[in-house]
>>> print(open('my_file.pdb').read())   # PDB, C-alpha atoms and all ligand atoms
ATOM      1  CA  PRO A   5     -49.804  21.279 -16.241
ATOM      2  CA  VAL A   6     -47.340  20.227 -18.914
ATOM      3  CA  THR A   7     -48.932  20.509 -22.321
ATOM      4  CA  GLU A   8     -47.314  19.011 -25.361
ATOM      5  CA  ALA A   9     -46.276  22.440 -26.551
ATOM      6  CA  THR A  10     -44.322  23.277 -23.385
ATOM      7  CA  ALA A  11     -42.907  19.773 -23.188
ATOM      8  CA  THR A  12     -41.375  19.954 -26.635
ATOM      9  CA  LYS A  13     -40.148  23.494 -26.130
ATOM     10  CA  ALA A  14     -38.435  22.964 -22.791
ATOM     11  CA  PRO A  15     -35.331  20.860 -23.589
ATOM     12  CA  ALA A  16     -33.509  23.451 -25.716
ATOM     13  CA  LYS A  17     -33.378  25.736 -22.673
ATOM     14  CA  THR A  18     -32.760  23.144 -19.963
ATOM     15  CA  LEU A  19     -29.762  21.629 -21.735
ATOM     16  CA  ALA A  20     -27.857  24.908 -21.384
ATOM     17  CA  VAL A  21     -26.275  24.222 -17.990
ATOM     18  CA  PRO A  22     -24.376  27.323 -16.844
ATOM     19  CA  ASP A  23     -20.743  26.894 -15.742
ATOM     20  CA  ALA A  24     -20.885  23.186 -16.621
ATOM     21  CA  GLN A  25     -17.970  20.856 -15.827
ATOM     22  CA  THR A  26     -17.742  17.164 -16.669
ATOM     23  CA  VAL A  27     -17.434  14.414 -14.067
ATOM     24  CA  THR A  28     -14.289  12.311 -14.726
ATOM     25  CA  SER A  29     -14.483   9.780 -11.871
ATOM     26  CA  VAL A  30     -16.590   8.830  -8.844
ATOM     27  CA  LYS A  31     -15.673   6.717  -5.827
ATOM     28  CA  HIS A  32     -18.090   5.568  -3.139
ATOM     29  CA  TRP A  33     -16.402   5.107   0.245
ATOM     30  CA  THR A  34     -19.356   4.131   2.451
ATOM     31  CA  ASP A  35     -23.125   4.317   2.121
ATOM     32  CA  ARG A  36     -22.831   7.883   3.469
ATOM     33  CA  LEU A  37     -19.689   9.149   1.700
ATOM     34  CA  PHE A  38     -18.361   9.554  -1.834
ATOM     35  CA  SER A  39     -15.749  11.555  -3.703
ATOM     36  CA  PHE A  40     -15.612  12.639  -7.318
ATOM     37  CA  ARG A  41     -13.402  14.479  -9.754
ATOM     38  CA  VAL A  42     -14.450  16.939 -12.456
ATOM     39  CA  THR A  43     -12.742  18.875 -15.236
ATOM     40  CA  ARG A  44     -11.208  22.164 -14.188
ATOM     41  CA  PRO A  45     -12.157  25.397 -15.965
ATOM     42  CA  ALA A  46      -9.007  26.669 -17.693
ATOM     43  CA  SER A  47      -9.424  30.078 -16.090
ATOM     44  CA  LEU A  48      -9.950  28.844 -12.510
ATOM     45  CA  ARG A  49      -7.214  29.886 -10.083
ATOM     46  CA  PHE A  50      -7.611  29.073  -6.392
ATOM     47  CA  ARG A  51      -5.579  28.737  -3.213
ATOM     48  CA  SER A  52      -5.404  25.253  -1.661
ATOM     49  CA  GLY A  53      -8.031  25.088   1.106
ATOM     50  CA  GLU A  54     -10.644  27.282  -0.598
ATOM     51  CA  PHE A  55     -14.219  26.320  -1.521
ATOM     52  CA  VAL A  56     -16.505  26.909  -4.506
ATOM     53  CA  MET A  57     -20.245  26.609  -5.130
ATOM     54  CA  ILE A  58     -21.198  23.461  -7.006
ATOM     55  CA  GLY A  59     -24.499  21.805  -7.807
ATOM     56  CA  LEU A  60     -27.077  20.590 -10.295
ATOM     57  CA  MET A  61     -29.984  22.071 -12.211
ATOM     58  CA  GLN A  62     -33.391  21.532 -10.614
ATOM     59  CA  THR A  63     -36.936  22.272 -11.659
ATOM     60  CA  ASP A  64     -38.693  24.970  -9.690
ATOM     61  CA  GLU A  65     -41.936  23.361  -8.515
ATOM     62  CA  LYS A  66     -43.972  26.570  -8.823
ATOM     63  CA  THR A  67     -42.784  27.937 -12.143
ATOM     64  CA  GLY A  68     -41.593  24.712 -13.790
ATOM     65  CA  LYS A  69     -38.395  26.520 -14.781
ATOM     66  CA  GLU A  70     -34.922  25.055 -14.431
ATOM     67  CA  LYS A  71     -32.631  26.771 -11.947
ATOM     68  CA  PRO A  72     -29.294  25.931 -10.298
ATOM     69  CA  LEU A  73     -29.244  24.263  -6.849
ATOM     70  CA  LEU A  74     -25.839  25.082  -5.369
ATOM     71  CA  ARG A  75     -23.924  24.346  -2.149
ATOM     72  CA  ALA A  76     -20.481  25.320  -0.857
ATOM     73  CA  TYR A  77     -17.912  22.549  -1.321
ATOM     74  CA  SER A  78     -14.254  22.640  -0.336
ATOM     75  CA  ILE A  79     -11.940  21.783  -3.200
ATOM     76  CA  ALA A  80     -10.160  18.623  -2.005
ATOM     77  CA  SER A  81      -7.507  18.661  -4.735
ATOM     78  CA  PRO A  82      -4.445  20.911  -4.565
ATOM     79  CA  ALA A  83      -4.117  24.130  -6.577
ATOM     80  CA  TRP A  84      -1.638  22.541  -9.015
ATOM     81  CA  ASP A  85      -3.936  19.634 -10.003
ATOM     82  CA  GLU A  86      -5.394  19.492 -13.534
ATOM     83  CA  GLU A  87      -8.774  18.324 -12.224
ATOM     84  CA  LEU A  88     -10.906  19.284  -9.231
ATOM     85  CA  GLU A  89     -11.770  16.788  -6.492
ATOM     86  CA  PHE A  90     -14.669  16.960  -4.032
ATOM     87  CA  TYR A  91     -15.605  14.819  -1.018
ATOM     88  CA  SER A  92     -19.260  14.636  -0.064
ATOM     89  CA  ILE A  93     -21.780  13.120   2.277
ATOM     90  CA  LYS A  94     -24.933  11.480   0.899
ATOM     91  CA  VAL A  95     -28.107  12.609   2.608
ATOM     92  CA  GLN A  96     -31.019  10.508   1.397
ATOM     93  CA  ASP A  97     -33.517  13.393   1.620
ATOM     94  CA  GLY A  98     -30.939  16.158   1.089
ATOM     95  CA  PRO A  99     -31.993  18.486  -1.758
ATOM     96  CA  LEU A 100     -28.605  18.285  -3.500
ATOM     97  CA  THR A 101     -26.780  15.175  -2.295
ATOM     98  CA  SER A 102     -29.778  12.861  -2.758
ATOM     99  CA  ARG A 103     -29.216  13.500  -6.493
ATOM    100  CA  LEU A 104     -25.499  14.311  -6.588
ATOM    101  CA  GLN A 105     -24.639  10.864  -5.176
ATOM    102  CA  HIS A 106     -25.833   9.302  -8.449
ATOM    103  CA  ILE A 107     -23.490  11.217 -10.804
ATOM    104  CA  GLN A 108     -21.429   9.148 -13.232
ATOM    105  CA  PRO A 109     -18.354   9.906 -15.345
ATOM    106  CA  GLY A 110     -19.480  11.982 -18.336
ATOM    107  CA  ASP A 111     -22.281  13.739 -16.426
ATOM    108  CA  GLN A 112     -22.209  17.485 -15.976
ATOM    109  CA  ILE A 113     -22.337  19.485 -12.765
ATOM    110  CA  ILE A 114     -22.443  23.239 -12.237
ATOM    111  CA  LEU A 115     -19.286  24.820 -10.835
ATOM    112  CA  ARG A 116     -19.200  28.553 -10.133
ATOM    113  CA  PRO A 117     -15.553  29.551 -10.672
ATOM    114  CA  LYS A 118     -15.329  31.914  -7.686
ATOM    115  CA  PRO A 119     -13.144  30.322  -4.997
ATOM    116  CA  VAL A 120     -13.224  31.771  -1.451
ATOM    117  CA  GLY A 121     -12.466  30.656   2.098
ATOM    118  CA  THR A 122     -10.425  31.142   5.243
ATOM    119  CA  LEU A 123      -8.571  27.806   5.432
ATOM    120  CA  VAL A 124      -5.618  29.219   3.532
ATOM    121  CA  HIS A 125      -1.979  29.800   4.430
ATOM    122  CA  ASP A 126      -2.439  33.547   3.937
ATOM    123  CA  ALA A 127      -4.766  33.709   6.967
ATOM    124  CA  LEU A 128      -2.130  32.333   9.368
ATOM    125  CA  LEU A 129       1.000  33.929  10.772
ATOM    126  CA  PRO A 130       4.242  31.964  10.363
ATOM    127  CA  GLY A 131       4.665  29.176  12.937
ATOM    128  CA  LYS A 132       6.482  25.953  13.713
ATOM    129  CA  ARG A 133       3.678  23.390  13.836
ATOM    130  CA  LEU A 134       0.449  23.275  11.810
ATOM    131  CA  TRP A 135      -2.555  21.404  13.243
ATOM    132  CA  LEU A 136      -5.344  20.413  10.843
ATOM    133  CA  PHE A 137      -8.412  19.401  12.894
ATOM    134  CA  ALA A 138     -11.166  17.640  10.915
ATOM    135  CA  THR A 139     -14.354  15.701  11.591
ATOM    136  CA  GLY A 140     -16.242  13.795   8.874
ATOM    137  CA  THR A 141     -16.131  15.466   5.447
ATOM    138  CA  GLY A 142     -14.267  18.377   7.059
ATOM    139  CA  ILE A 143     -11.111  16.633   5.889
ATOM    140  CA  ALA A 144     -11.729  17.893   2.318
ATOM    141  CA  PRO A 145      -9.882  21.249   2.458
ATOM    142  CA  PHE A 146      -6.999  19.510   4.217
ATOM    143  CA  ALA A 147      -6.811  16.919   1.420
ATOM    144  CA  SER A 148      -5.991  19.934  -0.735
ATOM    145  CA  LEU A 149      -3.533  21.543   1.690
ATOM    146  CA  LEU A 150      -1.726  18.254   2.434
ATOM    147  CA  ARG A 151      -0.885  17.972  -1.291
ATOM    148  CA  GLU A 152       0.330  21.568  -1.437
ATOM    149  CA  PRO A 153       4.128  22.035  -1.243
ATOM    150  CA  GLN A 154       3.786  25.319   0.685
ATOM    151  CA  THR A 155       2.291  23.420   3.642
ATOM    152  CA  TYR A 156       5.633  21.688   4.198
ATOM    153  CA  GLU A 157       7.749  24.690   3.271
ATOM    154  CA  ASP A 158       6.055  26.837   5.930
ATOM    155  CA  TYR A 159       6.126  24.379   8.870
ATOM    156  CA  ASP A 160       8.480  21.936  10.629
ATOM    157  CA  GLU A 161       5.560  19.673  11.492
ATOM    158  CA  VAL A 162       2.068  19.151  10.029
ATOM    159  CA  ILE A 163      -0.468  17.169  12.103
ATOM    160  CA  LEU A 164      -3.776  15.989  10.627
ATOM    161  CA  THR A 165      -6.370  14.804  13.156
ATOM    162  CA  HIS A 166      -9.535  13.216  11.785
ATOM    163  CA  THR A 167     -12.437  12.122  13.988
ATOM    164  CA  CYS A 168     -15.290  10.078  12.533
ATOM    165  CA  ARG A 169     -18.039   7.929  13.958
ATOM    166  CA  GLU A 170     -16.970   4.733  12.199
ATOM    167  CA  VAL A 171     -13.780   3.157  10.852
ATOM    168  CA  GLY A 172     -15.039   3.111   7.238
ATOM    169  CA  GLU A 173     -15.377   6.891   7.319
ATOM    170  CA  LEU A 174     -11.632   7.226   7.885
ATOM    171  CA  GLN A 175     -10.761   5.396   4.649
ATOM    172  CA  TYR A 176     -10.652   8.469   2.358
ATOM    173  CA  GLY A 177      -8.148  10.152   4.687
ATOM    174  CA  LYS A 178      -6.164   6.978   5.181
ATOM    175  CA  GLU A 179      -5.733   6.469   1.418
ATOM    176  CA  LEU A 180      -4.884  10.138   1.000
ATOM    177  CA  ILE A 181      -2.091   9.863   3.577
ATOM    178  CA  ASP A 182      -0.866   6.549   2.082
ATOM    179  CA  THR A 183      -0.717   8.159  -1.369
ATOM    180  CA  ILE A 184       1.077  11.251  -0.115
ATOM    181  CA  ARG A 185       3.618   9.035   1.656
ATOM    182  CA  SER A 186       4.217   6.632  -1.241
ATOM    183  CA  ASP A 187       3.757   8.628  -4.457
ATOM    184  CA  GLU A 188       7.189   9.534  -5.849
ATOM    185  CA  LEU A 189       5.932  12.349  -8.056
ATOM    186  CA  LEU A 190       4.227  13.957  -5.096
ATOM    187  CA  ALA A 191       7.354  13.506  -2.981
ATOM    188  CA  GLU A 192       9.396  15.307  -5.611
ATOM    189  CA  LEU A 193       6.883  18.146  -5.647
ATOM    190  CA  MET A 194       6.687  18.467  -1.862
ATOM    191  CA  GLY A 195      10.410  18.810  -1.438
ATOM    192  CA  GLU A 196      12.986  17.149   0.742
ATOM    193  CA  GLY A 197      12.132  15.895   4.226
ATOM    194  CA  PHE A 198       8.388  16.386   3.959
ATOM    195  CA  HIS A 199       7.697  12.749   4.931
ATOM    196  CA  GLU A 200       9.028  13.279   8.429
ATOM    197  CA  LYS A 201       6.930  16.414   8.853
ATOM    198  CA  LEU A 202       3.549  14.785   8.197
ATOM    199  CA  ARG A 203       1.737  13.221  11.187
ATOM    200  CA  TYR A 204      -1.674  11.541  10.988
ATOM    201  CA  TYR A 205      -3.981  11.015  14.001
ATOM    202  CA  PRO A 206      -7.281   9.277  13.129
ATOM    203  CA  THR A 207      -9.866   8.570  15.850
ATOM    204  CA  THR A 208     -13.351   7.035  15.964
ATOM    205  CA  THR A 209     -16.190   7.620  18.406
ATOM    206  CA  ARG A 210     -18.774   4.914  17.711
ATOM    207  CA  GLU A 211     -16.797   1.944  16.424
ATOM    208  CA  GLU A 212     -13.759   0.181  17.811
ATOM    209  CA  SER A 213     -10.434   1.393  16.346
ATOM    210  CA  PRO A 214      -6.843   1.750  17.590
ATOM    211  CA  LYS A 215      -7.620   5.270  18.886
ATOM    212  CA  MET A 216     -11.051   6.025  20.229
ATOM    213  CA  GLY A 217     -12.622   9.287  21.369
ATOM    214  CA  ARG A 218     -13.407  12.785  20.216
ATOM    215  CA  ILE A 219     -10.257  14.768  19.452
ATOM    216  CA  THR A 220     -11.430  17.478  21.846
ATOM    217  CA  ASP A 221     -11.598  14.987  24.747
ATOM    218  CA  LEU A 222      -8.239  13.499  23.752
ATOM    219  CA  MET A 223      -6.714  16.978  23.889
ATOM    220  CA  ARG A 224      -8.222  17.697  27.300
ATOM    221  CA  SER A 225      -6.899  14.404  28.673
ATOM    222  CA  GLY A 226      -3.488  15.068  27.125
ATOM    223  CA  ASP A 227      -3.605  11.783  25.128
ATOM    224  CA  VAL A 228      -2.950  13.481  21.768
ATOM    225  CA  PHE A 229       0.143  15.263  23.013
ATOM    226  CA  ARG A 230       1.507  12.144  24.707
ATOM    227  CA  ASP A 231       0.792   9.958  21.661
ATOM    228  CA  LEU A 232       2.468  12.378  19.245
ATOM    229  CA  GLY A 233       5.229  13.465  21.602
ATOM    230  CA  VAL A 234       4.500  17.163  21.152
ATOM    231  CA  PRO A 235       3.751  19.864  23.725
ATOM    232  CA  GLU A 236       0.287  21.396  24.183
ATOM    233  CA  LEU A 237      -0.549  24.122  21.680
ATOM    234  CA  SER A 238       0.948  27.524  22.274
ATOM    235  CA  PRO A 239       0.488  30.807  20.375
ATOM    236  CA  GLU A 240       4.249  31.126  19.829
ATOM    237  CA  THR A 241       4.731  27.851  17.937
ATOM    238  CA  ASP A 242       1.354  26.420  16.897
ATOM    239  CA  ARG A 243      -1.086  27.272  14.120
ATOM    240  CA  ALA A 244      -4.417  25.514  13.536
ATOM    241  CA  MET A 245      -7.034  25.056  10.858
ATOM    242  CA  VAL A 246     -10.430  23.623  11.838
ATOM    243  CA  CYS A 247     -13.115  22.090   9.625
ATOM    244  CA  GLY A 248     -15.999  19.960  10.845
ATOM    245  CA  ASN A 249     -19.540  19.941  12.125
ATOM    246  CA  LEU A 250     -20.833  23.037  13.902
ATOM    247  CA  ALA A 251     -20.701  21.684  17.483
ATOM    248  CA  PHE A 252     -17.123  20.524  16.949
ATOM    249  CA  ASN A 253     -16.040  23.841  15.440
ATOM    250  CA  LEU A 254     -17.449  25.787  18.389
ATOM    251  CA  GLU A 255     -15.938  23.488  20.986
ATOM    252  CA  ILE A 256     -12.454  23.369  19.526
ATOM    253  CA  LYS A 257     -12.500  27.113  18.850
ATOM    254  CA  ASP A 258     -13.037  27.622  22.570
ATOM    255  CA  MET A 259     -10.177  25.265  23.360
ATOM    256  CA  LEU A 260      -7.807  26.985  20.921
ATOM    257  CA  GLU A 261      -8.656  30.340  22.495
ATOM    258  CA  GLY A 262      -7.916  28.687  25.851
ATOM    259  CA  TYR A 263      -4.416  27.797  24.595
ATOM    260  CA  GLY A 264      -4.001  31.479  23.720
ATOM    261  CA  LEU A 265      -4.469  31.240  19.945
ATOM    262  CA  GLU A 266      -6.473  33.934  18.144
ATOM    263  CA  GLU A 267      -8.683  33.593  15.068
ATOM    264  CA  GLY A 268      -7.242  34.963  11.838
ATOM    265  CA  ALA A 269      -8.679  35.991   8.486
ATOM    266  CA  ASN A 270      -7.351  36.661   4.998
ATOM    267  CA  SER A 271      -7.065  40.371   5.775
ATOM    268  CA  ASP A 272      -5.787  39.806   9.306
ATOM    269  CA  PRO A 273      -3.630  36.667   9.667
ATOM    270  CA  LYS A 274      -3.370  35.200  13.194
ATOM    271  CA  GLN A 275      -2.980  31.783  14.825
ATOM    272  CA  TYR A 276      -6.023  29.736  13.792
ATOM    273  CA  VAL A 277      -8.858  29.645  11.240
ATOM    274  CA  VAL A 278     -12.213  27.796  11.116
ATOM    275  CA  GLU A 279     -14.686  26.710   8.459
ATOM    276  CA  LYS A 280     -17.876  24.643   8.573
ATOM    277  CA  ALA A 281     -17.931  21.349   6.667
ATOM    278  CA  PHE A 282     -20.678  21.043   4.066
ATOM    279  CA  LEU A 283     -23.975  19.497   5.202
ATOM    280  CA  ASP A 284     -26.870  19.063   2.759
TER     281      ASP A 284
HETATM  282  P1  LIG B   1     -19.748  11.575  18.334
HETATM  283  O1  LIG B   1     -19.931  10.259  17.682
HETATM  284  O2  LIG B   1     -19.331  11.456  19.768
HETATM  285  O3  LIG B   1     -20.925  12.501  18.163
HETATM  286  P2  LIG B   1     -20.915  13.740  12.457
HETATM  287  O4  LIG B   1     -20.828  12.523  11.576
HETATM  288  O5  LIG B   1     -22.131  13.822  13.321
HETATM  289  O6  LIG B   1     -20.644  15.026  11.718
HETATM  290  O7  LIG B   1     -19.706  13.603  13.492
HETATM  291  C1  LIG B   1     -18.389  13.410  13.081
HETATM  292  C2  LIG B   1     -17.522  13.204  14.283
HETATM  293  O8  LIG B   1     -17.458  14.430  15.043
HETATM  294  C3  LIG B   1     -18.069  12.138  15.217
HETATM  295  O9  LIG B   1     -17.021  11.264  15.558
HETATM  296  C4  LIG B   1     -18.573  12.941  16.407
HETATM  297  O10 LIG B   1     -18.467  12.271  17.634
HETATM  298  C5  LIG B   1     -17.632  14.114  16.407
HETATM  299  N1  LIG B   1     -18.171  15.264  17.138
HETATM  300  C6  LIG B   1     -19.434  15.717  17.139
HETATM  301  N2  LIG B   1     -19.563  16.810  17.929
HETATM  302  C7  LIG B   1     -18.351  17.038  18.461
HETATM  303  C8  LIG B   1     -17.827  18.012  19.368
HETATM  304  N3  LIG B   1     -18.582  18.969  19.898
HETATM  305  N4  LIG B   1     -16.514  17.935  19.680
HETATM  306  C9  LIG B   1     -15.739  16.972  19.156
HETATM  307  N5  LIG B   1     -16.170  16.032  18.308
HETATM  308  C10 LIG B   1     -17.456  16.054  17.958
END
>>> encode(input="my_file.pdb", output="C-alpha cells")
Amino acid sequence: PVTEATATKAPAKTLAVPDAQTVTSVKHWTDRLFSFRVTRPASLRFRSGEFVMIGLMQTDEKTGKEKPLLRAYSIASPAWDEELEFYSIKVQDGPLTSRLQHIQPGDQIILRPKPVGTLVHDALLPGKRLWLFATGTGIAPFASLLREPQTYEDYDEVILTHTCREVGELQYGKELIDTIRSDELLAELMGEGFHEKLRYYPTTTREESPKMGRITDLMRSGDVFRDLGVPELSPETDRAMVCGNLAFNLEIKDMLEGYGLEEGANSDPKQYVVEKAFLD
C-alpha cells in the first residue's frame, strides 16, 4: 500500500531515468504503426543496420520500484544522422508499445548506447546486387542502410522488397524512397549514379495494390525477377539481408539456401544475413 511517506519520497528516485534521450518528433502512419526521432547520445557510434535496446521506465507490481522495460529496436536512421529514428508497431496490450505509442516531443525514453546486429555490410562478402527483403516493421534497418553511402558504393544494384498486409503500411517505405530519390543533399552524399541503382518492390497481401502477394510466392513464380528484369539469385552475384516476422524469415532463409547462398555473420561474412523484426 502506498502511504503518504512513500508517495512523497518516490519521485526523487523515479525521475532519474537512466540513459535518457529526448523525443524530437513523432509521426503516426496507421493505427498500428508509428515512427519517432530522438536525440543521439554524443558518444554513440553505430553501423547502419544495427539495433539498440530502447524503452520506458515501469513500476514493478510486486516491489513498487521503478525499473526499465526495454526491447530491441533497429535504428532506422543512417549512421551519419544527428538524431536517431525508430519505426514501431503499436500493440494495444503490448507491455512497451501500448505506452510507447503515446510519446510526444519533449518526452524522455531510455536508450542503451550499445548497438549490435547482423544486418551490416561487414557481414556480407562483396557482390554485385544487394537484396533487402522486409515485411512490416522489418523495413527499419533498411531505412538506415538505404541512406548510407556505402550501400551504393559496394553494389551495382540495390533492391528493396517490402511486403505488408495493407497499402497504408507501405507508406513509411514509400516516403523514404521518395525522399531518397528527391533530396538533393542526400543525393550529394550518396554519390554519382546512385539513383539508377535503387529499385523498390512493394507488395500487399490483404488489400488491393498494384502488386499483390507474398514476396516468397512472387519469387517462386518468377514474377519478381520478370518485373525487375534481373536473373534469379545466385551466390556469385547476389547478397541478401532479411528482416521480418519469424515465419517469413524462416521461409525466405530456406529459399536463399536453395539459391545457393550461405548465412554470414560479423566474424564470418558470407552471402546473406537475417534478423527478426521487433514485436511487442
Ligand atoms: P499474409 O497477409 O499472407 O500473412 P505481419 O503483419 O503478420 O507481420 O505480416 C506482414 C507481411 O508478411 C504480411 O503481408 C504477411 O502476409 C507476410 N508474411 C507472413 N508470413 C509470411 C511468410 N512465411 N512468407 C512470406 N510472407 C509472409
>>> closest_residue(input="my_file.pdb", among="A:Asn249, A:Gln62, A:Gln175, A:Ser52", to="ligand LIG 1 (chain B)", atoms="only C-alpha atoms and all ligand atoms")
A:Asn249
>>> resolve_selection(input="my_file.pdb", expression="the PyMOL selection byres (((chain A and resi 137) around 9) and not hetatm)", output="ChimeraX atom specification")
/A:135-136,138-139,142-143,146,163-167,219,244-248,256
>>> write_last_selection(input="my_file.pdb", atoms="C-alpha atoms", output="compact mmCIF listing (two decimals), keeping the file's coordinate frame")
# COMPACT_ATOMS: atom_id res chain seq x y z
CA TRP A 135 -2.56 21.40 13.24
CA LEU A 136 -5.34 20.41 10.84
CA ALA A 138 -11.17 17.64 10.92
CA THR A 139 -14.35 15.70 11.59
CA GLY A 142 -14.27 18.38 7.06
CA ILE A 143 -11.11 16.63 5.89
CA PHE A 146 -7.00 19.51 4.22
CA ILE A 163 -0.47 17.17 12.10
CA LEU A 164 -3.78 15.99 10.63
CA THR A 165 -6.37 14.80 13.16
CA HIS A 166 -9.54 13.22 11.78
CA THR A 167 -12.44 12.12 13.99
CA ILE A 219 -10.26 14.77 19.45
CA ALA A 244 -4.42 25.51 13.54
CA MET A 245 -7.03 25.06 10.86
CA VAL A 246 -10.43 23.62 11.84
CA CYS A 247 -13.12 22.09 9.62
CA GLY A 248 -16.00 19.96 10.84
CA ILE A 256 -12.45 23.37 19.53
>>> residues_near_ligand(input="my_file.pdb", ligand="ligand LIG 1 (chain B)", cutoff="9 Å", atoms="only C-alpha atoms and all ligand atoms", output="NGL selection string")
:A and (138-142 or 166-170 or 173 or 207-211 or 217-221 or 248-256 or 281 or 283)
>>> resolve_selection(input="my_file.pdb", expression="the PyMOL selection byres (((chain A and resi 151) around 12) and not hetatm)", output="PDB file with C-alpha atoms, keeping the file's coordinate frame")
ATOM      1  CA  ARG A  51      -5.579  28.737  -3.213  1.00  0.00           C
ATOM      2  CA  SER A  52      -5.404  25.253  -1.661  1.00  0.00           C
ATOM      3  CA  GLY A  53      -8.031  25.088   1.106  1.00  0.00           C
ATOM      4  CA  ILE A  79     -11.940  21.783  -3.200  1.00  0.00           C
ATOM      5  CA  ALA A  80     -10.160  18.623  -2.005  1.00  0.00           C
ATOM      6  CA  SER A  81      -7.507  18.661  -4.735  1.00  0.00           C
ATOM      7  CA  PRO A  82      -4.445  20.911  -4.565  1.00  0.00           C
ATOM      8  CA  ALA A  83      -4.117  24.130  -6.577  1.00  0.00           C
ATOM      9  CA  TRP A  84      -1.638  22.541  -9.015  1.00  0.00           C
ATOM     10  CA  ASP A  85      -3.936  19.634 -10.003  1.00  0.00           C
ATOM     11  CA  ALA A 144     -11.729  17.893   2.318  1.00  0.00           C
ATOM     12  CA  PRO A 145      -9.882  21.249   2.458  1.00  0.00           C
ATOM     13  CA  PHE A 146      -6.999  19.510   4.217  1.00  0.00           C
ATOM     14  CA  ALA A 147      -6.811  16.919   1.420  1.00  0.00           C
ATOM     15  CA  SER A 148      -5.991  19.934  -0.735  1.00  0.00           C
ATOM     16  CA  LEU A 149      -3.533  21.543   1.690  1.00  0.00           C
ATOM     17  CA  LEU A 150      -1.726  18.254   2.434  1.00  0.00           C
ATOM     18  CA  GLU A 152       0.330  21.568  -1.437  1.00  0.00           C
ATOM     19  CA  PRO A 153       4.128  22.035  -1.243  1.00  0.00           C
ATOM     20  CA  GLN A 154       3.786  25.319   0.685  1.00  0.00           C
ATOM     21  CA  THR A 155       2.291  23.420   3.642  1.00  0.00           C
ATOM     22  CA  TYR A 156       5.633  21.688   4.198  1.00  0.00           C
ATOM     23  CA  GLU A 157       7.749  24.690   3.271  1.00  0.00           C
ATOM     24  CA  VAL A 162       2.068  19.151  10.029  1.00  0.00           C
ATOM     25  CA  LEU A 180      -4.884  10.138   1.000  1.00  0.00           C
ATOM     26  CA  ILE A 181      -2.091   9.863   3.577  1.00  0.00           C
ATOM     27  CA  ASP A 182      -0.866   6.549   2.082  1.00  0.00           C
ATOM     28  CA  THR A 183      -0.717   8.159  -1.369  1.00  0.00           C
ATOM     29  CA  ILE A 184       1.077  11.251  -0.115  1.00  0.00           C
ATOM     30  CA  ARG A 185       3.618   9.035   1.656  1.00  0.00           C
ATOM     31  CA  ASP A 187       3.757   8.628  -4.457  1.00  0.00           C
ATOM     32  CA  LEU A 189       5.932  12.349  -8.056  1.00  0.00           C
ATOM     33  CA  LEU A 190       4.227  13.957  -5.096  1.00  0.00           C
ATOM     34  CA  ALA A 191       7.354  13.506  -2.981  1.00  0.00           C
ATOM     35  CA  GLU A 192       9.396  15.307  -5.611  1.00  0.00           C
ATOM     36  CA  LEU A 193       6.883  18.146  -5.647  1.00  0.00           C
ATOM     37  CA  MET A 194       6.687  18.467  -1.862  1.00  0.00           C
ATOM     38  CA  GLY A 195      10.410  18.810  -1.438  1.00  0.00           C
ATOM     39  CA  PHE A 198       8.388  16.386   3.959  1.00  0.00           C
ATOM     40  CA  HIS A 199       7.697  12.749   4.931  1.00  0.00           C
ATOM     41  CA  LEU A 202       3.549  14.785   8.197  1.00  0.00           C
TER      42      LEU A 202
END
>>> atom_distance(input="my_file.pdb", atom1="atom CA of A:Val277", atom2="atom CA of A:Gly264")
13.5 Å
>>> atom_distance(input="my_file.pdb", atom1="atom CA of A:Ala269", atom2="atom CA of A:Val124")
8.9 Å
>>> residues_near_point(input="my_file.pdb", point="(-7.9, 18.0, -15.6)", cutoff="8 Å", atoms="only C-alpha atoms", output="compact mmCIF listing (two decimals) with C-alpha atoms, keeping the file's coordinate frame")
# COMPACT_ATOMS: atom_id res chain seq x y z
CA VAL A 42 -14.45 16.94 -12.46
CA THR A 43 -12.74 18.88 -15.24
CA ARG A 44 -11.21 22.16 -14.19
CA ASP A 85 -3.94 19.63 -10.00
CA GLU A 86 -5.39 19.49 -13.53
CA GLU A 87 -8.77 18.32 -12.22
CA LEU A 88 -10.91 19.28 -9.23
>>> atom_distance(input="my_file.pdb", atom1="atom CA of A:Tyr91", atom2="atom CA of A:Leu37")
7.5 Å
>>> closest_residue(input="my_file.pdb", among="A:Ile113, A:Met57, A:Val21, A:Ile93", to="A:Arg36", atoms="all atoms listed in the file")
A:Ile93
>>> resolve_selection(input="my_file.pdb", expression="the PyMOL selection byres (((chain A and resi 96) around 12) and not hetatm)", output="NGL selection string")
:A and (35-37 or 93-95 or 97-106 or 284)
>>> closest_residue(input="my_file.pdb", among="A:Ser271, A:Gln25, A:Ser225, A:Ser213", to="A:Ile114", atoms="only C-alpha atoms")
A:Gln25
>>> residues_around(input="my_file.pdb", residues="A:Gly121", least_positions_apart="5", cutoff="9 Å", atoms="only C-alpha atoms", output="VMD selection string")
chain A and resid 51 53 to 56 78 270 279
>>> residues_around(input="my_file.pdb", residues="A:Tyr276", least_positions_apart="6", cutoff="7 Å", atoms="only C-alpha atoms", output="ChimeraX atom specification")
/A:128,243-245,265-268
>>> axis_aligned_box(input="my_file.pdb", around="stretch 264-280 of chain A", padding_each_side="4 Å", output="lines of an AutoDock Vina configuration file")
center_x = -10.4
center_y = 32.5
center_z = 14.4
size_x = 22.9
size_y = 23.7
size_z = 26.7
>>> closest_residue(input="my_file.pdb", among="A:Pro130, A:Pro119, A:Gly262, A:Pro45", to="A:Ser238", atoms="all atoms listed in the file")
A:Gly262
>>> closest_residue(input="my_file.pdb", among="A:Lys71, A:Leu123, A:Pro206, A:Lys118", to="A:Tyr176", atoms="only C-alpha atoms")
A:Pro206
>>> residues_around(input="my_file.pdb", residues="A:Glu70", least_positions_apart="3", cutoff="7 Å", atoms="only C-alpha atoms", output="list of chain:residue names")
A:Thr18, A:Met61, A:Gln62, A:Thr63, A:Asp64
>>> write_last_selection(input="my_file.pdb", atoms="C-alpha atoms", output="PDB file, in the coordinates of the input")
ATOM      1  CA  THR A  18     -32.760  23.144 -19.963  1.00  0.00           C
ATOM      2  CA  MET A  61     -29.984  22.071 -12.211  1.00  0.00           C
ATOM      3  CA  GLN A  62     -33.391  21.532 -10.614  1.00  0.00           C
ATOM      4  CA  THR A  63     -36.936  22.272 -11.659  1.00  0.00           C
ATOM      5  CA  ASP A  64     -38.693  24.970  -9.690  1.00  0.00           C
TER       6      ASP A  64
END
